[in-house]
>>> print(open('query_1.cif').read())   # mmCIF, N, CA and C atoms
data_my_file
loop_
_atom_site.group_PDB
_atom_site.id
_atom_site.type_symbol
_atom_site.label_atom_id
_atom_site.label_comp_id
_atom_site.auth_asym_id
_atom_site.auth_seq_id
_atom_site.Cartn_x
_atom_site.Cartn_y
_atom_site.Cartn_z
ATOM 1 N N MET B 1 0.853 -1.177 0.000
ATOM 2 C CA MET B 1 0.000 0.000 0.000
ATOM 3 C C MET B 1 0.897 1.238 0.000
ATOM 4 N N SER B 2 0.525 2.223 -0.794
ATOM 5 C CA SER B 2 1.338 3.436 -0.900
ATOM 6 C C SER B 2 1.242 4.276 0.378
ATOM 7 N N SER B 3 2.236 5.118 0.562
ATOM 8 C CA SER B 3 2.238 5.974 1.749
ATOM 9 C C SER B 3 1.051 6.934 1.731
ATOM 10 N N GLU B 4 0.652 7.361 0.533
ATOM 11 C CA GLU B 4 -0.499 8.270 0.433
ATOM 12 C C GLU B 4 -1.780 7.587 0.923
ATOM 13 N N LYS B 5 -1.966 6.342 0.515
ATOM 14 C CA LYS B 5 -3.158 5.602 0.944
ATOM 15 C C LYS B 5 -3.128 5.320 2.444
ATOM 16 N N LEU B 6 -1.940 5.027 2.977
ATOM 17 C CA LEU B 6 -1.818 4.820 4.426
ATOM 18 C C LEU B 6 -2.148 6.104 5.181
ATOM 19 N N LEU B 7 -1.660 7.240 4.675
ATOM 20 C CA LEU B 7 -1.941 8.525 5.320
ATOM 21 C C LEU B 7 -3.431 8.843 5.302
ATOM 22 N N VAL B 8 -4.070 8.631 4.170
ATOM 23 C CA VAL B 8 -5.513 8.890 4.071
ATOM 24 C C VAL B 8 -6.277 7.974 5.016
ATOM 25 N N GLY B 9 -5.925 6.697 5.018
ATOM 26 C CA GLY B 9 -6.601 5.753 5.905
ATOM 27 C C GLY B 9 -6.424 6.116 7.368
ATOM 28 N N ALA B 10 -5.202 6.484 7.746
ATOM 29 C CA ALA B 10 -4.941 6.865 9.133
ATOM 30 C C ALA B 10 -5.732 8.115 9.510
ATOM 31 N N LEU B 11 -5.791 9.089 8.606
ATOM 32 C CA LEU B 11 -6.546 10.312 8.884
ATOM 33 C C LEU B 11 -8.031 10.016 9.069
ATOM 34 N N ILE B 12 -8.592 9.202 8.204
ATOM 35 C CA ILE B 12 -10.014 8.851 8.321
ATOM 36 C C ILE B 12 -10.284 8.164 9.666
ATOM 37 N N LEU B 13 -9.427 7.220 10.026
ATOM 38 C CA LEU B 13 -9.625 6.507 11.294
ATOM 39 C C LEU B 13 -9.430 7.430 12.501
ATOM 40 N N LEU B 14 -8.468 8.357 12.408
ATOM 41 C CA LEU B 14 -8.277 9.333 13.492
ATOM 42 C C LEU B 14 -9.507 10.219 13.661
ATOM 43 N N MET B 15 -10.083 10.645 12.539
ATOM 44 C CA MET B 15 -11.294 11.472 12.620
ATOM 45 C C MET B 15 -12.448 10.668 13.226
ATOM 46 N N ARG B 16 -12.603 9.418 12.789
ATOM 47 C CA ARG B 16 -13.663 8.574 13.336
ATOM 48 C C ARG B 16 -13.488 8.394 14.848
ATOM 49 N N HIS B 17 -12.241 8.150 15.254
ATOM 50 C CA HIS B 17 -11.955 7.996 16.684
ATOM 51 C C HIS B 17 -12.245 9.288 17.450
ATOM 52 N N ASP B 18 -11.814 10.408 16.893
ATOM 53 C CA ASP B 18 -12.014 11.689 17.568
ATOM 54 C C ASP B 18 -13.500 12.032 17.685
ATOM 55 N N LEU B 19 -14.254 11.755 16.648
ATOM 56 C CA LEU B 19 -15.679 12.096 16.647
ATOM 57 C C LEU B 19 -16.536 11.143 17.481
ATOM 58 N N THR B 20 -16.135 9.879 17.551
ATOM 59 C CA THR B 20 -16.987 8.885 18.223
ATOM 60 C C THR B 20 -16.361 8.273 19.469
ATOM 61 N N GLY B 21 -15.037 8.397 19.612
ATOM 62 C CA GLY B 21 -14.359 7.747 20.724
ATOM 63 C C GLY B 21 -14.162 6.257 20.510
ATOM 64 N N CYS B 22 -14.375 5.795 19.287
ATOM 65 C CA CYS B 22 -14.310 4.373 18.971
ATOM 66 C C CYS B 22 -12.890 3.824 19.167
ATOM 67 N N ALA B 23 -12.754 2.862 20.071
ATOM 68 C CA ALA B 23 -11.452 2.265 20.355
ATOM 69 C C ALA B 23 -10.948 1.436 19.179
ATOM 70 N N HIS B 24 -11.853 0.817 18.430
ATOM 71 C CA HIS B 24 -11.449 0.018 17.277
ATOM 72 C C HIS B 24 -10.819 0.916 16.208
ATOM 73 N N ALA B 25 -11.397 2.074 15.971
ATOM 74 C CA ALA B 25 -10.830 3.023 15.016
ATOM 75 C C ALA B 25 -9.459 3.498 15.502
ATOM 76 N N ALA B 26 -9.326 3.721 16.800
ATOM 77 C CA ALA B 26 -8.037 4.135 17.360
ATOM 78 C C ALA B 26 -6.989 3.060 17.151
ATOM 79 N N SER B 27 -7.360 1.810 17.379
ATOM 80 C CA SER B 27 -6.435 0.696 17.200
ATOM 81 C C SER B 27 -6.016 0.556 15.739
ATOM 82 N N GLN B 28 -6.968 0.673 14.839
ATOM 83 C CA GLN B 28 -6.651 0.576 13.414
ATOM 84 C C GLN B 28 -5.768 1.743 12.971
ATOM 85 N N ALA B 29 -6.065 2.929 13.463
ATOM 86 C CA ALA B 29 -5.245 4.098 13.131
ATOM 87 C C ALA B 29 -3.821 3.902 13.642
ATOM 88 N N ALA B 30 -3.689 3.388 14.852
ATOM 89 C CA ALA B 30 -2.360 3.155 15.426
ATOM 90 C C ALA B 30 -1.565 2.175 14.567
ATOM 91 N N THR B 31 -2.233 1.156 14.055
ATOM 92 C CA THR B 31 -1.557 0.185 13.194
ATOM 93 C C THR B 31 -1.047 0.852 11.923
ATOM 94 N N LEU B 32 -1.890 1.672 11.293
ATOM 95 C CA LEU B 32 -1.455 2.366 10.078
ATOM 96 C C LEU B 32 -0.335 3.362 10.378
ATOM 97 N N LEU B 33 -0.440 4.053 11.501
ATOM 98 C CA LEU B 33 0.597 5.018 11.879
ATOM 99 C C LEU B 33 1.922 4.316 12.161
ATOM 100 N N ASP B 34 1.870 3.123 12.740
ATOM 101 C CA ASP B 34 3.091 2.333 12.942
ATOM 102 C C ASP B 34 3.746 2.007 11.605
ATOM 103 N N ARG B 35 2.926 1.609 10.652
ATOM 104 C CA ARG B 35 3.452 1.297 9.325
ATOM 105 C C ARG B 35 4.068 2.532 8.682
ATOM 106 N N LEU B 36 3.405 3.674 8.843
ATOM 107 C CA LEU B 36 3.929 4.917 8.280
ATOM 108 C C LEU B 36 5.249 5.315 8.935
ATOM 109 N N SER B 37 5.364 5.115 10.230
ATOM 110 C CA SER B 37 6.587 5.524 10.929
ATOM 111 C C SER B 37 7.797 4.696 10.505
ATOM 112 N N ASP B 38 7.551 3.560 9.847
ATOM 113 C CA ASP B 38 8.642 2.713 9.370
ATOM 114 C C ASP B 38 9.035 2.976 7.914
ATOM 115 N N LEU B 39 8.319 3.866 7.234
ATOM 116 C CA LEU B 39 8.594 4.103 5.817
ATOM 117 C C LEU B 39 9.737 5.096 5.631
ATOM 118 N N PRO B 40 10.805 4.663 4.978
ATOM 119 C CA PRO B 40 11.954 5.560 4.780
ATOM 120 C C PRO B 40 11.663 6.726 3.848
ATOM 121 N N GLU B 41 10.625 6.616 2.992
ATOM 122 C CA GLU B 41 10.350 7.719 2.064
ATOM 123 C C GLU B 41 9.694 8.919 2.739
ATOM 124 N N LEU B 42 9.198 8.745 3.960
ATOM 125 C CA LEU B 42 8.642 9.886 4.699
ATOM 126 C C LEU B 42 9.769 10.604 5.430
ATOM 127 N N ASP B 43 9.621 11.900 5.584
ATOM 128 C CA ASP B 43 10.644 12.654 6.303
ATOM 129 C C ASP B 43 10.631 12.294 7.789
ATOM 130 N N GLY B 44 11.726 12.571 8.441
ATOM 131 C CA GLY B 44 11.896 12.203 9.842
ATOM 132 C C GLY B 44 10.848 12.794 10.763
ATOM 133 N N ASP B 45 10.477 14.042 10.541
ATOM 134 C CA ASP B 45 9.463 14.677 11.392
ATOM 135 C C ASP B 45 8.124 13.967 11.277
ATOM 136 N N THR B 46 7.727 13.618 10.059
ATOM 137 C CA THR B 46 6.454 12.925 9.861
ATOM 138 C C THR B 46 6.492 11.544 10.492
ATOM 139 N N ARG B 47 7.599 10.836 10.327
ATOM 140 C CA ARG B 47 7.725 9.507 10.944
ATOM 141 C C ARG B 47 7.630 9.599 12.463
ATOM 142 N N ARG B 48 8.269 10.605 13.053
ATOM 143 C CA ARG B 48 8.206 10.770 14.525
ATOM 144 C C ARG B 48 6.785 11.104 14.975
ATOM 145 N N LEU B 49 6.095 11.978 14.236
ATOM 146 C CA LEU B 49 4.713 12.313 14.586
ATOM 147 C C LEU B 49 3.808 11.082 14.505
ATOM 148 N N CYS B 50 3.990 10.287 13.465
ATOM 149 C CA CYS B 50 3.201 9.054 13.333
ATOM 150 C C CYS B 50 3.465 8.129 14.517
ATOM 151 N N ASP B 51 4.720 7.991 14.885
ATOM 152 C CA ASP B 51 5.078 7.129 16.017
ATOM 153 C C ASP B 51 4.482 7.651 17.318
ATOM 154 N N GLN B 52 4.582 8.946 17.562
ATOM 155 C CA GLN B 52 4.036 9.533 18.797
ATOM 156 C C GLN B 52 2.521 9.390 18.869
ATOM 157 N N MET B 53 1.842 9.598 17.746
ATOM 158 C CA MET B 53 0.382 9.476 17.739
ATOM 159 C C MET B 53 -0.031 8.033 17.933
ATOM 160 N N SER B 54 0.697 7.115 17.359
ATOM 161 C CA SER B 54 0.417 5.698 17.539
ATOM 162 C C SER B 54 0.512 5.307 19.012
ATOM 163 N N ILE B 55 1.535 5.786 19.680
ATOM 164 C CA ILE B 55 1.713 5.499 21.111
ATOM 165 C C ILE B 55 0.570 6.109 21.916
ATOM 166 N N LYS B 56 0.207 7.338 21.600
ATOM 167 C CA LYS B 56 -0.898 7.997 22.311
ATOM 168 C C LYS B 56 -2.200 7.214 22.138
ATOM 169 N N LEU B 57 -2.478 6.769 20.920
ATOM 170 C CA LEU B 57 -3.704 6.011 20.665
ATOM 171 C C LEU B 57 -3.690 4.679 21.403
ATOM 172 N N ALA B 58 -2.540 4.069 21.506
ATOM 173 C CA ALA B 58 -2.430 2.775 22.194
ATOM 174 C C ALA B 58 -2.767 2.910 23.680
ATOM 175 N N HIS B 59 -2.567 4.093 24.240
ATOM 176 C CA HIS B 59 -2.841 4.302 25.673
ATOM 177 C C HIS B 59 -4.180 4.966 25.933
ATOM 178 N N HIS B 60 -4.984 5.141 24.890
ATOM 179 C CA HIS B 60 -6.285 5.783 25.032
ATOM 180 C C HIS B 60 -7.272 4.835 25.702
ATOM 181 N N ALA B 61 -8.079 5.371 26.595
ATOM 182 C CA ALA B 61 -9.097 4.559 27.280
ATOM 183 C C ALA B 61 -10.106 4.043 26.267
ATOM 184 N N PRO B 62 -10.341 2.732 26.236
ATOM 185 C CA PRO B 62 -11.281 2.176 25.263
ATOM 186 C C PRO B 62 -12.719 2.596 25.501
ATOM 187 N N LYS B 63 -13.430 2.738 24.409
ATOM 188 C CA LYS B 63 -14.865 3.029 24.428
ATOM 189 C C LYS B 63 -15.464 2.236 23.281
ATOM 190 N N SER B 64 -16.586 1.619 23.495
ATOM 191 C CA SER B 64 -17.160 0.821 22.429
ATOM 192 C C SER B 64 -17.572 1.710 21.260
ATOM 193 N N CYS B 65 -17.588 1.123 20.080
ATOM 194 C CA CYS B 65 -17.909 1.852 18.862
ATOM 195 C C CYS B 65 -19.419 1.905 18.643
ATOM 196 N N ALA B 66 -19.831 2.984 18.000
ATOM 197 C CA ALA B 66 -21.256 3.156 17.686
ATOM 198 C C ALA B 66 -21.591 2.552 16.347
#
>>> encode(input="query_1.cif", output="structure tokens")
Amino acid sequence: MSSEKLLVGALILLMRHDLTGCAHAASQAATLLDRLSDLPELDGDTRRLCDQMSIKLAHHAPKSCA
């Protein structure tokens, strides 16, 4: 999957999580962000932000999805 598609997918899942509190969306977003943080074609700042957001989502209190 291209980095652009991973970024779009992560953004959609982050918005879903932010709007609904859905833990499943947070978990899926964290997975995509982990993948993005490992891509050498992304700049270092973006990779670090992806990694930090992934960690934050992993520690978010779960809430069931609507």
>>> select_by_dssp(input="query_1.cif", residues="chain B", states="alpha helix (DSSP H)", output="ChimeraX atom specification")
/B:3-20,23-37,44-58
>>> resolve_selection(input="query_1.cif", expression="the PyMOL selection byres ((chain B and resi 25-39) around 6.5)", output="PyMOL selection string")
chain B and resi 6+9-10+13-14+16-17+22-24+40-42+46-48+50-51+53-55+57-58
>>> atom_distance(input="query_1.cif", atom1="CA of Leu19 (chain B)", atom2="atom N of Gly44 (chain B)")
28.6 Å
>>> atom_distance(input="query_1.cif", atom1="CA of Leu49 (chain B)", atom2="CA of Leu11 (chain B)")
12.8 Å
>>> build_atoms(input="query_1.cif", residues="region 3-14 of chain B", atoms="all heavy atoms", output="PDB file, keeping the file's coordinate frame")
ATOM      1  N   SER B   3       2.236   5.118   0.562  1.00  0.00           N
ATOM      2  CA  SER B   3       2.238   5.974   1.749  1.00  0.00           C
ATOM      3  C   SER B   3       1.051   6.934   1.731  1.00  0.00           C
ATOM      4  O   SER B   3       0.485   7.250   2.777  1.00  0.00           O
ATOM      5  CB  SER B   3       3.554   6.743   1.865  1.00  0.00           C
ATOM      6  OG  SER B   3       3.781   7.549   0.739  1.00  0.00           O
ATOM      7  N   GLU B   4       0.652   7.361   0.533  1.00  0.00           N
ATOM      8  CA  GLU B   4      -0.499   8.270   0.433  1.00  0.00           C
ATOM      9  C   GLU B   4      -1.780   7.587   0.923  1.00  0.00           C
ATOM     10  O   GLU B   4      -2.563   8.176   1.666  1.00  0.00           O
ATOM     11  CB  GLU B   4      -0.689   8.767  -1.005  1.00  0.00           C
ATOM     12  CG  GLU B   4       0.381   9.697  -1.492  1.00  0.00           C
ATOM     13  CD  GLU B   4       1.615   8.974  -2.042  1.00  0.00           C
ATOM     14  OE1 GLU B   4       1.573   7.722  -2.203  1.00  0.00           O
ATOM     15  OE2 GLU B   4       2.619   9.642  -2.295  1.00  0.00           O
ATOM     16  N   LYS B   5      -1.966   6.342   0.515  1.00  0.00           N
ATOM     17  CA  LYS B   5      -3.158   5.602   0.944  1.00  0.00           C
ATOM     18  C   LYS B   5      -3.128   5.320   2.444  1.00  0.00           C
ATOM     19  O   LYS B   5      -4.157   5.383   3.117  1.00  0.00           O
ATOM     20  CB  LYS B   5      -3.305   4.311   0.150  1.00  0.00           C
ATOM     21  CG  LYS B   5      -3.725   4.547  -1.277  1.00  0.00           C
ATOM     22  CD  LYS B   5      -3.949   3.253  -2.020  1.00  0.00           C
ATOM     23  CE  LYS B   5      -4.378   3.545  -3.451  1.00  0.00           C
ATOM     24  NZ  LYS B   5      -4.662   2.320  -4.192  1.00  0.00           N
ATOM     25  N   LEU B   6      -1.940   5.027   2.977  1.00  0.00           N
ATOM     26  CA  LEU B   6      -1.818   4.820   4.426  1.00  0.00           C
ATOM     27  C   LEU B   6      -2.148   6.104   5.181  1.00  0.00           C
ATOM     28  O   LEU B   6      -2.841   6.073   6.209  1.00  0.00           O
ATOM     29  CB  LEU B   6      -0.406   4.355   4.785  1.00  0.00           C
ATOM     30  CG  LEU B   6      -0.043   2.924   4.420  1.00  0.00           C
ATOM     31  CD1 LEU B   6       1.444   2.681   4.653  1.00  0.00           C
ATOM     32  CD2 LEU B   6      -0.873   1.936   5.206  1.00  0.00           C
ATOM     33  N   LEU B   7      -1.660   7.240   4.675  1.00  0.00           N
ATOM     34  CA  LEU B   7      -1.941   8.525   5.320  1.00  0.00           C
ATOM     35  C   LEU B   7      -3.431   8.843   5.302  1.00  0.00           C
ATOM     36  O   LEU B   7      -3.993   9.273   6.318  1.00  0.00           O
ATOM     37  CB  LEU B   7      -1.158   9.651   4.646  1.00  0.00           C
ATOM     38  CG  LEU B   7       0.319   9.733   4.989  1.00  0.00           C
ATOM     39  CD1 LEU B   7       1.049  10.625   3.996  1.00  0.00           C
ATOM     40  CD2 LEU B   7       0.513  10.224   6.405  1.00  0.00           C
ATOM     41  N   VAL B   8      -4.070   8.631   4.170  1.00  0.00           N
ATOM     42  CA  VAL B   8      -5.513   8.890   4.071  1.00  0.00           C
ATOM     43  C   VAL B   8      -6.277   7.974   5.016  1.00  0.00           C
ATOM     44  O   VAL B   8      -7.174   8.422   5.745  1.00  0.00           O
ATOM     45  CB  VAL B   8      -6.001   8.730   2.609  1.00  0.00           C
ATOM     46  CG1 VAL B   8      -7.516   8.719   2.535  1.00  0.00           C
ATOM     47  CG2 VAL B   8      -5.433   9.828   1.740  1.00  0.00           C
ATOM     48  N   GLY B   9      -5.925   6.697   5.018  1.00  0.00           N
ATOM     49  CA  GLY B   9      -6.601   5.753   5.905  1.00  0.00           C
ATOM     50  C   GLY B   9      -6.424   6.116   7.368  1.00  0.00           C
ATOM     51  O   GLY B   9      -7.378   6.071   8.156  1.00  0.00           O
ATOM     52  N   ALA B  10      -5.202   6.484   7.746  1.00  0.00           N
ATOM     53  CA  ALA B  10      -4.941   6.865   9.133  1.00  0.00           C
ATOM     54  C   ALA B  10      -5.732   8.115   9.510  1.00  0.00           C
ATOM     55  O   ALA B  10      -6.299   8.183  10.612  1.00  0.00           O
ATOM     56  CB  ALA B  10      -3.444   7.096   9.346  1.00  0.00           C
ATOM     57  N   LEU B  11      -5.791   9.089   8.606  1.00  0.00           N
ATOM     58  CA  LEU B  11      -6.546  10.312   8.884  1.00  0.00           C
ATOM     59  C   LEU B  11      -8.031  10.016   9.069  1.00  0.00           C
ATOM     60  O   LEU B  11      -8.664  10.527  10.010  1.00  0.00           O
ATOM     61  CB  LEU B  11      -6.337  11.328   7.758  1.00  0.00           C
ATOM     62  CG  LEU B  11      -7.121  12.630   7.887  1.00  0.00           C
ATOM     63  CD1 LEU B  11      -6.741  13.367   9.170  1.00  0.00           C
ATOM     64  CD2 LEU B  11      -6.885  13.506   6.672  1.00  0.00           C
ATOM     65  N   ILE B  12      -8.592   9.202   8.204  1.00  0.00           N
ATOM     66  CA  ILE B  12     -10.014   8.851   8.321  1.00  0.00           C
ATOM     67  C   ILE B  12     -10.284   8.164   9.666  1.00  0.00           C
ATOM     68  O   ILE B  12     -11.249   8.491  10.365  1.00  0.00           O
ATOM     69  CB  ILE B  12     -10.448   7.961   7.145  1.00  0.00           C
ATOM     70  CG1 ILE B  12     -10.495   8.789   5.867  1.00  0.00           C
ATOM     71  CG2 ILE B  12     -11.801   7.288   7.421  1.00  0.00           C
ATOM     72  CD1 ILE B  12     -10.621   7.969   4.602  1.00  0.00           C
ATOM     73  N   LEU B  13      -9.427   7.220  10.026  1.00  0.00           N
ATOM     74  CA  LEU B  13      -9.625   6.507  11.294  1.00  0.00           C
ATOM     75  C   LEU B  13      -9.430   7.430  12.501  1.00  0.00           C
ATOM     76  O   LEU B  13     -10.150   7.310  13.498  1.00  0.00           O
ATOM     77  CB  LEU B  13      -8.689   5.305  11.364  1.00  0.00           C
ATOM     78  CG  LEU B  13      -9.054   4.179  10.398  1.00  0.00           C
ATOM     79  CD1 LEU B  13      -7.884   3.228  10.219  1.00  0.00           C
ATOM     80  CD2 LEU B  13     -10.292   3.451  10.890  1.00  0.00           C
ATOM     81  N   LEU B  14      -8.468   8.357  12.408  1.00  0.00           N
ATOM     82  CA  LEU B  14      -8.277   9.333  13.492  1.00  0.00           C
ATOM     83  C   LEU B  14      -9.507  10.219  13.661  1.00  0.00           C
ATOM     84  O   LEU B  14      -9.931  10.504  14.785  1.00  0.00           O
ATOM     85  CB  LEU B  14      -7.052  10.205  13.224  1.00  0.00           C
ATOM     86  CG  LEU B  14      -5.709   9.591  13.544  1.00  0.00           C
ATOM     87  CD1 LEU B  14      -4.588  10.454  12.983  1.00  0.00           C
ATOM     88  CD2 LEU B  14      -5.549   9.398  15.034  1.00  0.00           C
TER      89      LEU B  14
END
